[in-house]
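Next comes entry-v3.txt, a file with compact mmCIF, C-alpha atoms and all ligand atoms.
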```txt
# COMPACT_ATOMS: atom_id res chain seq x y z
CA MET A 1 -48.02 -68.73 41.58
CA ALA A 2 -49.98 -66.46 43.84
CA SER A 3 -50.47 -63.02 42.36
CA ALA A 4 -49.25 -60.12 44.40
CA SER A 5 -52.14 -58.08 45.71
CA ARG A 6 -51.90 -54.30 45.89
CA GLU A 7 -53.71 -52.77 48.79
CA ALA A 8 -54.99 -49.27 48.73
CA PRO A 9 -53.26 -47.18 51.36
CA THR A 10 -55.36 -46.75 54.47
CA LEU A 11 -55.11 -44.36 57.33
CA THR A 12 -55.79 -46.59 60.34
CA GLU A 13 -53.45 -44.57 62.51
CA PRO A 14 -53.34 -41.22 60.80
CA GLN A 15 -50.33 -39.02 60.90
CA TRP A 16 -51.28 -35.43 61.40
CA ILE A 17 -49.99 -32.45 59.50
CA ASP A 18 -49.48 -29.21 61.38
CA PHE A 19 -49.74 -26.06 59.36
CA ARG A 20 -50.89 -22.47 59.56
CA ILE A 21 -53.08 -20.40 57.29
CA MET A 22 -52.99 -16.62 57.30
CA ARG A 23 -56.60 -15.63 57.82
CA GLY A 24 -58.39 -12.31 57.67
CA THR A 25 -59.80 -9.78 55.26
CA ALA A 26 -58.59 -6.56 53.74
CA SER A 27 -60.24 -4.61 56.56
CA ASN A 28 -58.65 -6.49 59.46
CA GLU A 29 -55.10 -7.68 60.11
CA GLN A 30 -54.31 -11.18 58.94
CA GLU A 31 -53.50 -13.65 61.72
CA PRO A 32 -51.88 -17.07 61.41
CA THR A 33 -54.32 -19.80 62.47
CA SER A 34 -53.03 -23.31 63.23
CA TYR A 35 -54.68 -26.45 61.92
CA GLN A 36 -54.09 -30.18 62.04
CA VAL A 37 -55.28 -32.42 59.24
CA PRO A 38 -54.84 -36.17 58.65
CA TYR A 39 -52.09 -37.04 56.20
CA ALA A 40 -52.76 -39.19 53.14
CA PRO A 41 -50.08 -40.33 50.67
CA GLY A 42 -49.69 -37.98 47.72
CA MET A 43 -51.50 -35.18 49.49
CA VAL A 44 -50.87 -31.62 48.28
CA VAL A 45 -51.28 -28.42 50.26
CA LEU A 46 -54.60 -27.69 48.55
CA ASP A 47 -55.93 -31.04 49.87
CA ALA A 48 -55.03 -30.00 53.41
CA ILE A 49 -56.75 -26.65 52.98
CA ARG A 50 -59.86 -28.24 51.54
CA TRP A 51 -59.96 -30.70 54.47
CA VAL A 52 -59.97 -27.73 56.86
CA GLN A 53 -62.70 -26.09 54.79
CA GLU A 54 -64.83 -29.23 54.84
CA HIS A 55 -64.36 -30.21 58.50
CA GLN A 56 -63.62 -27.07 60.46
CA GLU A 57 -63.86 -23.73 58.65
CA PRO A 58 -66.54 -23.57 55.95
CA ASP A 59 -65.88 -19.85 55.48
CA LEU A 60 -62.18 -20.30 54.71
CA ALA A 61 -61.55 -18.51 51.39
CA VAL A 62 -59.26 -20.15 48.82
CA ARG A 63 -59.37 -19.90 45.04
CA TRP A 64 -58.85 -23.07 43.02
CA ASN A 65 -60.32 -24.80 40.03
CA CYS A 66 -58.52 -27.66 38.29
CA LYS A 67 -56.31 -29.15 41.04
CA ALA A 68 -53.99 -30.17 38.21
CA ALA A 69 -51.64 -27.17 37.83
CA HIS A 70 -53.45 -26.05 34.69
CA CYS A 71 -55.84 -23.23 35.57
CA GLY A 72 -53.45 -21.02 37.56
CA SER A 73 -56.08 -20.18 40.19
CA CYS A 74 -54.41 -21.48 43.35
CA GLY A 75 -51.33 -19.26 43.52
CA ALA A 76 -50.35 -18.42 47.10
CA GLU A 77 -47.24 -18.33 49.28
CA ILE A 78 -45.95 -21.29 51.24
CA ASN A 79 -43.31 -20.38 53.81
CA GLY A 80 -42.99 -17.07 51.96
CA ARG A 81 -42.36 -18.55 48.52
CA PRO A 82 -44.92 -18.10 45.70
CA ARG A 83 -46.21 -21.55 44.71
CA LEU A 84 -49.25 -23.38 43.40
CA LEU A 85 -51.19 -24.98 46.27
CA CYS A 86 -52.18 -27.89 44.06
CA LYS A 87 -48.63 -28.65 42.94
CA THR A 88 -46.91 -28.56 46.33
CA ARG A 89 -46.89 -31.85 48.22
CA VAL A 90 -47.11 -31.73 51.99
CA ASP A 91 -44.46 -34.42 52.47
CA GLU A 92 -41.96 -31.93 51.07
CA PHE A 93 -42.03 -30.28 54.51
CA ALA A 94 -41.01 -33.54 56.22
CA GLY A 95 -43.42 -33.19 59.12
CA LYS A 96 -42.40 -29.62 59.96
CA PRO A 97 -45.17 -27.03 60.28
CA PHE A 98 -45.52 -24.71 57.29
CA THR A 99 -47.43 -21.49 56.70
CA VAL A 100 -49.73 -20.69 53.80
CA ALA A 101 -50.37 -17.02 53.00
CA PRO A 102 -51.99 -15.07 50.15
CA MET A 103 -49.89 -13.51 47.38
CA LYS A 104 -48.34 -10.41 48.85
CA ALA A 105 -48.16 -8.28 45.70
CA PHE A 106 -51.93 -8.00 45.20
CA PRO A 107 -54.69 -6.51 47.36
CA LEU A 108 -56.14 -8.99 49.82
CA ILE A 109 -59.81 -9.94 49.57
CA LYS A 110 -60.04 -12.66 52.19
CA ASP A 111 -57.77 -15.38 53.66
CA LEU A 112 -55.89 -16.79 50.65
CA VAL A 113 -57.79 -14.91 47.95
CA THR A 114 -56.33 -11.74 46.41
CA ASP A 115 -57.61 -9.33 43.79
CA VAL A 116 -55.59 -10.00 40.64
CA SER A 117 -57.83 -7.97 38.32
CA TRP A 118 -55.05 -5.42 37.63
CA ASN A 119 -53.42 -8.11 35.48
CA TYR A 120 -56.50 -8.42 33.28
CA GLU A 121 -56.57 -4.66 32.75
CA VAL A 122 -52.91 -4.76 31.67
CA ALA A 123 -53.63 -7.59 29.24
CA LYS A 124 -56.22 -5.44 27.46
CA THR A 125 -53.59 -2.81 26.60
CA ILE A 126 -51.29 -5.20 24.72
CA PRO A 127 -51.85 -5.22 20.94
CA PRO A 128 -52.73 -8.78 19.90
CA PHE A 129 -50.98 -10.94 17.31
CA LYS A 130 -51.22 -9.27 13.89
CA PRO A 131 -50.15 -11.52 11.01
CA ALA A 132 -48.42 -10.15 7.91
CA HIS A 133 -50.85 -12.03 5.69
CA SER A 134 -54.40 -13.09 6.36
CA ALA A 135 -54.93 -16.77 7.15
CA PRO A 136 -54.46 -19.44 6.02
CA PHE A 137 -50.68 -19.43 6.00
CA THR A 138 -48.24 -22.23 6.53
CA MET A 139 -46.26 -22.44 9.75
CA TYR A 140 -43.52 -24.97 10.43
CA PRO A 141 -42.41 -26.28 13.84
CA GLU A 142 -39.10 -24.40 13.57
CA ASP A 143 -41.02 -21.15 13.01
CA ILE A 144 -42.62 -21.32 16.41
CA GLU A 145 -39.75 -22.93 18.32
CA ARG A 146 -38.86 -19.65 19.96
CA VAL A 147 -42.33 -18.64 21.11
CA LYS A 148 -43.95 -21.92 22.10
CA GLU A 149 -42.47 -21.83 25.60
CA PHE A 150 -44.40 -18.63 26.36
CA HIS A 151 -47.67 -20.32 25.44
CA LYS A 152 -47.26 -22.70 28.40
CA CYS A 153 -48.13 -19.84 30.77
CA ILE A 154 -51.17 -20.63 32.97
CA GLU A 155 -51.49 -17.07 34.29
CA CYS A 156 -51.06 -18.00 37.93
CA PHE A 157 -49.32 -14.62 38.44
CA LEU A 158 -46.71 -16.12 40.76
CA CYS A 159 -44.06 -14.34 38.67
CA GLN A 160 -45.90 -11.06 39.20
CA ASP A 161 -46.07 -11.82 42.92
CA THR A 162 -42.35 -12.40 43.29
CA CYS A 163 -41.26 -9.52 41.03
CA HIS A 164 -39.74 -6.99 43.45
CA VAL A 165 -40.73 -4.06 41.20
CA LEU A 166 -44.36 -4.95 41.91
CA ARG A 167 -44.10 -6.76 45.24
CA GLU A 168 -41.74 -4.51 47.17
CA HIS A 169 -41.93 -1.24 45.27
CA GLN A 170 -45.58 -1.39 44.13
CA GLN A 171 -44.72 0.15 40.74
CA PHE A 172 -47.95 -1.05 39.15
CA GLY A 173 -48.25 2.09 37.04
CA LYS A 174 -44.73 1.80 35.64
CA TYR A 175 -44.08 -1.86 34.88
CA TYR A 176 -46.37 -4.54 33.46
CA GLY A 177 -44.44 -7.36 35.15
CA PRO A 178 -42.89 -10.61 33.92
CA ARG A 179 -46.15 -12.28 32.90
CA PHE A 180 -46.77 -9.57 30.34
CA MET A 181 -43.18 -9.44 29.16
CA ALA A 182 -43.65 -13.11 28.26
CA LEU A 183 -46.95 -12.36 26.52
CA ILE A 184 -45.46 -9.47 24.53
CA ALA A 185 -42.46 -11.66 23.64
CA SER A 186 -44.78 -14.39 22.37
CA HIS A 187 -46.23 -11.89 19.87
CA GLU A 188 -43.05 -9.94 19.07
CA MET A 189 -40.99 -13.04 18.33
CA HIS A 190 -43.63 -14.71 16.21
CA PRO A 191 -42.30 -14.75 12.64
CA MET A 192 -45.65 -13.72 11.13
CA ASP A 193 -46.37 -10.85 13.49
CA VAL A 194 -45.98 -7.29 12.18
CA GLU A 195 -47.31 -5.22 15.07
CA ASP A 196 -44.80 -2.83 16.65
CA ARG A 197 -44.92 -3.07 20.45
CA LEU A 198 -41.57 -1.43 21.16
CA PRO A 199 -43.10 2.00 21.92
CA LEU A 200 -45.32 0.26 24.49
CA LEU A 201 -42.36 -1.62 25.98
CA GLN A 202 -40.34 1.57 26.21
CA GLY A 203 -43.33 3.47 27.62
CA ASP A 204 -46.19 2.13 29.75
CA ALA A 205 -44.99 -1.51 29.86
CA GLY A 206 -41.69 -0.28 31.34
CA VAL A 207 -39.36 -3.11 30.37
CA GLY A 208 -36.47 -0.96 31.61
CA MET A 209 -37.75 -1.33 35.20
CA CYS A 210 -36.72 -4.96 35.33
CA ASN A 211 -33.18 -5.48 36.59
CA VAL A 212 -33.07 -9.14 35.54
CA THR A 213 -32.69 -10.78 38.95
CA GLY A 214 -34.43 -13.85 37.53
CA CYS A 215 -36.75 -14.34 40.52
CA CYS A 216 -39.75 -14.68 38.16
CA THR A 217 -38.08 -17.57 36.35
CA GLU A 218 -37.38 -19.31 39.66
CA VAL A 219 -41.04 -19.46 40.71
CA CYS A 220 -42.66 -20.24 37.34
CA PRO A 221 -44.46 -23.59 37.74
CA GLN A 222 -44.26 -24.12 33.98
CA GLY A 223 -40.48 -23.69 33.85
CA ILE A 224 -40.64 -20.75 31.43
CA HIS A 225 -37.31 -18.92 31.20
CA ILE A 226 -38.98 -15.53 31.47
CA THR A 227 -35.88 -13.46 32.17
CA ALA A 228 -33.48 -15.05 29.71
CA ASN A 229 -35.84 -15.74 26.84
CA ALA A 230 -38.41 -12.93 27.07
CA ILE A 231 -37.25 -9.95 29.11
CA ILE A 232 -33.61 -9.73 28.04
CA PRO A 233 -34.36 -10.02 24.28
CA LEU A 234 -37.10 -7.39 24.63
CA LYS A 235 -34.68 -5.08 26.45
CA GLU A 236 -32.20 -5.58 23.62
CA ARG A 237 -34.81 -4.61 21.03
CA VAL A 238 -35.73 -1.48 22.95
CA ALA A 239 -32.04 -0.57 23.34
CA ASP A 240 -31.46 -1.11 19.60
CA ARG A 241 -34.41 1.07 18.63
CA TYR A 242 -34.01 3.91 21.11
CA TYR A 243 -30.38 4.00 22.23
CA ASP A 244 -28.15 2.58 19.47
CA PRO A 245 -27.44 5.54 17.13
CA LEU A 246 -26.89 3.40 14.02
CA LYS A 247 -29.95 1.20 14.56
CA LYS A 248 -32.00 4.27 15.41
CA TRP A 249 -30.91 5.91 12.15
CA LEU A 250 -31.68 2.72 10.18
CA TYR A 251 -35.11 2.45 11.80
CA ASN A 252 -35.97 6.07 11.02
CA ARG A 253 -34.82 5.62 7.43
CA LYS A 254 -36.97 2.50 7.10
CA GLN A 255 -39.96 4.35 8.51
CA LYS A 256 -39.54 7.17 6.00
CA ARG A 257 -39.30 4.69 3.12
CA ALA A 258 -42.38 2.86 4.38
CA GLN A 259 -44.31 6.13 4.38
CA ARG A 260 -43.27 6.73 0.77
CA ALA A 261 -44.04 3.15 -0.33
CA PRO A 262 -46.42 1.35 2.06
CA SER A 263 -45.71 -1.95 0.29
CA GLU A 264 -42.19 -1.90 1.78
CA ALA A 265 -43.60 -1.84 5.27
CA SER A 266 -44.34 -5.58 5.62
CA GLY A 267 -42.60 -6.83 8.77
CA ASN A 268 -40.58 -4.76 11.19
CA GLY A 269 -37.40 -6.72 10.47
CA GLU A 270 -36.87 -7.61 14.14
CA ARG A 271 -38.40 -11.05 14.43
S1 LIG B 301 -56.15 -25.43 41.07
FE1 LIG B 301 -55.67 -25.04 38.98
S2 LIG B 301 -53.58 -24.52 39.04
FE2 LIG B 301 -54.00 -25.16 41.07
```
Represent the structure from my file as structure tokens, please.
Ligand code: FES
Amino acid sequence: MASASREAPTLTEPQWIDFRIMRGTASNEQEPTSYQVPYAPGMVVLDAIRWVQEHQEPDLAVRWNCKAAHCGSCGAEINGRPRLLCKTRVDEFAGKPFTVAPMKAFPLIKDLVTDVSWNYEVAKTIPPFKPAHSAPFTMYPEDIERVKEFHKCIECFLCQDTCHVLREHQQFGKYYGPRFMALIASHEMHPMDVEDRLPLLQGDAGVGMCNVTGCCTEVCPQGIHITANAIIPLKERVADRYYDPLKKWLYNRKQKRAQRAPSEASGNGER
């Protein structure tokens, strides 16, 4: 019986993709520039951009690294929606022209590259994981069930880009944004962690600024339920500590006892 042969797809008569890239720098207005690139099966938007870079526009600026949706470098906006360039297939647009633009929330550097360094400054202000006991200690899968989802974050900052508190209202000094709510949640909900980040959440991190529209969850390429699993539980903890009279009284009593007997202070009782 003759064996079936599999032929590699070829592009003898290429189909062409029409798309636009917003080009320009911080000092001049961005303009949409149209390009046509040959289609290949499985092609993603980053492939199309790299083809343009290689064949037509060597100075086209785009940030990418892994081309595997792991590094988080290639966040941009496609038809106005924050997405990873390397995870968005061109055939999704069914032959219709589409537009690629830089993330709107952050200052533009050039073409598709924005300055996301504010996020790294925010990250430095968040107290790291502080275990109740020094290592080694035993952890079981069920202990980390609640926090493991947050560790899937690739820091693409698409959630920051879509967050209207940052994107539309530019409240960078008042709210850390969904990425950092997820990071704080990953520490706060860890059963071994004893650091108290509620004053930060109530203060500079500004968890109260979020009005839980869920837009961050919608754009997360890792499928992290940022609003439901991180932001809302953190809001509840802040409300318990600062606005529930009984819980506030219990917390103050616990603090006083801890000051009298430091050995009682292990854990904040809110894991
Ligand atoms: S290039 Fe790494 S996430 Fe897209």
For CA of Phe137 in chain A and CA of Ala182 in chain A, the interatomic separation in Å (one decimal):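 Straight-line distance from CA of Phe137 in chain A to CA of Ala182 in chain A works out to 24.2 Å.
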List all protein, DNA and RNA residues that have an atom no more than 10 Å from any atom of ligand LIG 301 (chain B), counting all atoms listed in the file, and report them as a PDB file with C-alpha atoms, in the coordinates of the input.
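Once everything was written out, this is result_33.pdb:
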```
ATOM      1  CA  LEU A  46     -54.600 -27.690  48.550  1.00  0.00           C
ATOM      2  CA  VAL A  62     -59.260 -20.150  48.820  1.00  0.00           C
ATOM      3  CA  ARG A  63     -59.370 -19.900  45.040  1.00  0.00           C
ATOM      4  CA  TRP A  64     -58.850 -23.070  43.020  1.00  0.00           C
ATOM      5  CA  ASN A  65     -60.320 -24.800  40.030  1.00  0.00           C
ATOM      6  CA  CYS A  66     -58.520 -27.660  38.290  1.00  0.00           C
ATOM      7  CA  LYS A  67     -56.310 -29.150  41.040  1.00  0.00           C
ATOM      8  CA  ALA A  68     -53.990 -30.170  38.210  1.00  0.00           C
ATOM      9  CA  ALA A  69     -51.640 -27.170  37.830  1.00  0.00           C
ATOM     10  CA  HIS A  70     -53.450 -26.050  34.690  1.00  0.00           C
ATOM     11  CA  CYS A  71     -55.840 -23.230  35.570  1.00  0.00           C
ATOM     12  CA  GLY A  72     -53.450 -21.020  37.560  1.00  0.00           C
ATOM     13  CA  SER A  73     -56.080 -20.180  40.190  1.00  0.00           C
ATOM     14  CA  CYS A  74     -54.410 -21.480  43.350  1.00  0.00           C
ATOM     15  CA  GLY A  75     -51.330 -19.260  43.520  1.00  0.00           C
ATOM     16  CA  ALA A  76     -50.350 -18.420  47.100  1.00  0.00           C
ATOM     17  CA  ARG A  83     -46.210 -21.550  44.710  1.00  0.00           C
ATOM     18  CA  LEU A  84     -49.250 -23.380  43.400  1.00  0.00           C
ATOM     19  CA  LEU A  85     -51.190 -24.980  46.270  1.00  0.00           C
ATOM     20  CA  CYS A  86     -52.180 -27.890  44.060  1.00  0.00           C
ATOM     21  CA  LYS A  87     -48.630 -28.650  42.940  1.00  0.00           C
ATOM     22  CA  THR A  88     -46.910 -28.560  46.330  1.00  0.00           C
ATOM     23  CA  ILE A 154     -51.170 -20.630  32.970  1.00  0.00           C
ATOM     24  CA  GLU A 155     -51.490 -17.070  34.290  1.00  0.00           C
ATOM     25  CA  CYS A 156     -51.060 -18.000  37.930  1.00  0.00           C
ATOM     26  CA  PRO A 221     -44.460 -23.590  37.740  1.00  0.00           C
TER      27      PRO A 221
END
```
Point-to-point distance in Å for CA of Glu168 in chain A and CA of Val90 in chain A: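 Answer for the CA of Val90 in chain A to CA of Glu168 in chain A separation: 28.2 Å.
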Nearest-residue call for Gly206 in chain A, choices A:Ile21, A:Ala40, A:Val165, A:Ala61, using all atoms listed in the file: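 Closest to Gly206 in chain A, using all atoms listed in the file: A:Val165.
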Shortest interatomic distance to Gly223 in chain A - which of A:Val52, A:Cys159, A:Ala261, A:Met181, counting all atoms listed in the file: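 Selected residue with least distance to Gly223 in chain A: A:Cys159.
The residue set within 7 Å of Thr162 in chain A, counting only C-alpha atoms and dropping same-chain residues fewer than 6 places from it, reads A:Pro82, A:Cys215, A:Cys216.
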Atoms kept (C-alpha atoms) for selection, written as an mmCIF file, in the frame of the given file:
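again_6.cif written:
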```
data_model
loop_
_atom_site.group_PDB
_atom_site.id
_atom_site.type_symbol
_atom_site.label_atom_id
_atom_site.label_comp_id
_atom_site.auth_asym_id
_atom_site.auth_seq_id
_atom_site.Cartn_x
_atom_site.Cartn_y
_atom_site.Cartn_z
ATOM 1 C CA PRO A 82 -44.920 -18.100 45.700
ATOM 2 C CA CYS A 215 -36.750 -14.340 40.520
ATOM 3 C CA CYS A 216 -39.750 -14.680 38.160
#
```
Spatial neighbours of Val147 in chain A, max dist 12 Å, all atoms listed in the file, sep filter under 4 positions, as an mmCIF file with C-alpha atoms, in the frame of the given file:
```
data_model
loop_
_atom_site.group_PDB
_atom_site.id
_atom_site.type_symbol
_atom_site.label_atom_id
_atom_site.label_comp_id
_atom_site.auth_asym_id
_atom_site.auth_seq_id
_atom_site.Cartn_x
_atom_site.Cartn_y
_atom_site.Cartn_z
ATOM 1 C CA PRO A 141 -42.410 -26.280 13.840
ATOM 2 C CA GLU A 142 -39.100 -24.400 13.570
ATOM 3 C CA ASP A 143 -41.020 -21.150 13.010
ATOM 4 C CA HIS A 151 -47.670 -20.320 25.440
ATOM 5 C CA LYS A 152 -47.260 -22.700 28.400
ATOM 6 C CA CYS A 153 -48.130 -19.840 30.770
ATOM 7 C CA ALA A 182 -43.650 -13.110 28.260
ATOM 8 C CA LEU A 183 -46.950 -12.360 26.520
ATOM 9 C CA ILE A 184 -45.460 -9.470 24.530
ATOM 10 C CA ALA A 185 -42.460 -11.660 23.640
ATOM 11 C CA SER A 186 -44.780 -14.390 22.370
ATOM 12 C CA HIS A 187 -46.230 -11.890 19.870
ATOM 13 C CA GLU A 188 -43.050 -9.940 19.070
ATOM 14 C CA MET A 189 -40.990 -13.040 18.330
ATOM 15 C CA HIS A 190 -43.630 -14.710 16.210
ATOM 16 C CA PRO A 191 -42.300 -14.750 12.640
ATOM 17 C CA MET A 192 -45.650 -13.720 11.130
ATOM 18 C CA ASP A 193 -46.370 -10.850 13.490
ATOM 19 C CA ILE A 224 -40.640 -20.750 31.430
ATOM 20 C CA HIS A 225 -37.310 -18.920 31.200
ATOM 21 C CA ILE A 226 -38.980 -15.530 31.470
ATOM 22 C CA ASN A 229 -35.840 -15.740 26.840
ATOM 23 C CA ALA A 230 -38.410 -12.930 27.070
ATOM 24 C CA ARG A 271 -38.400 -11.050 14.430
#
```
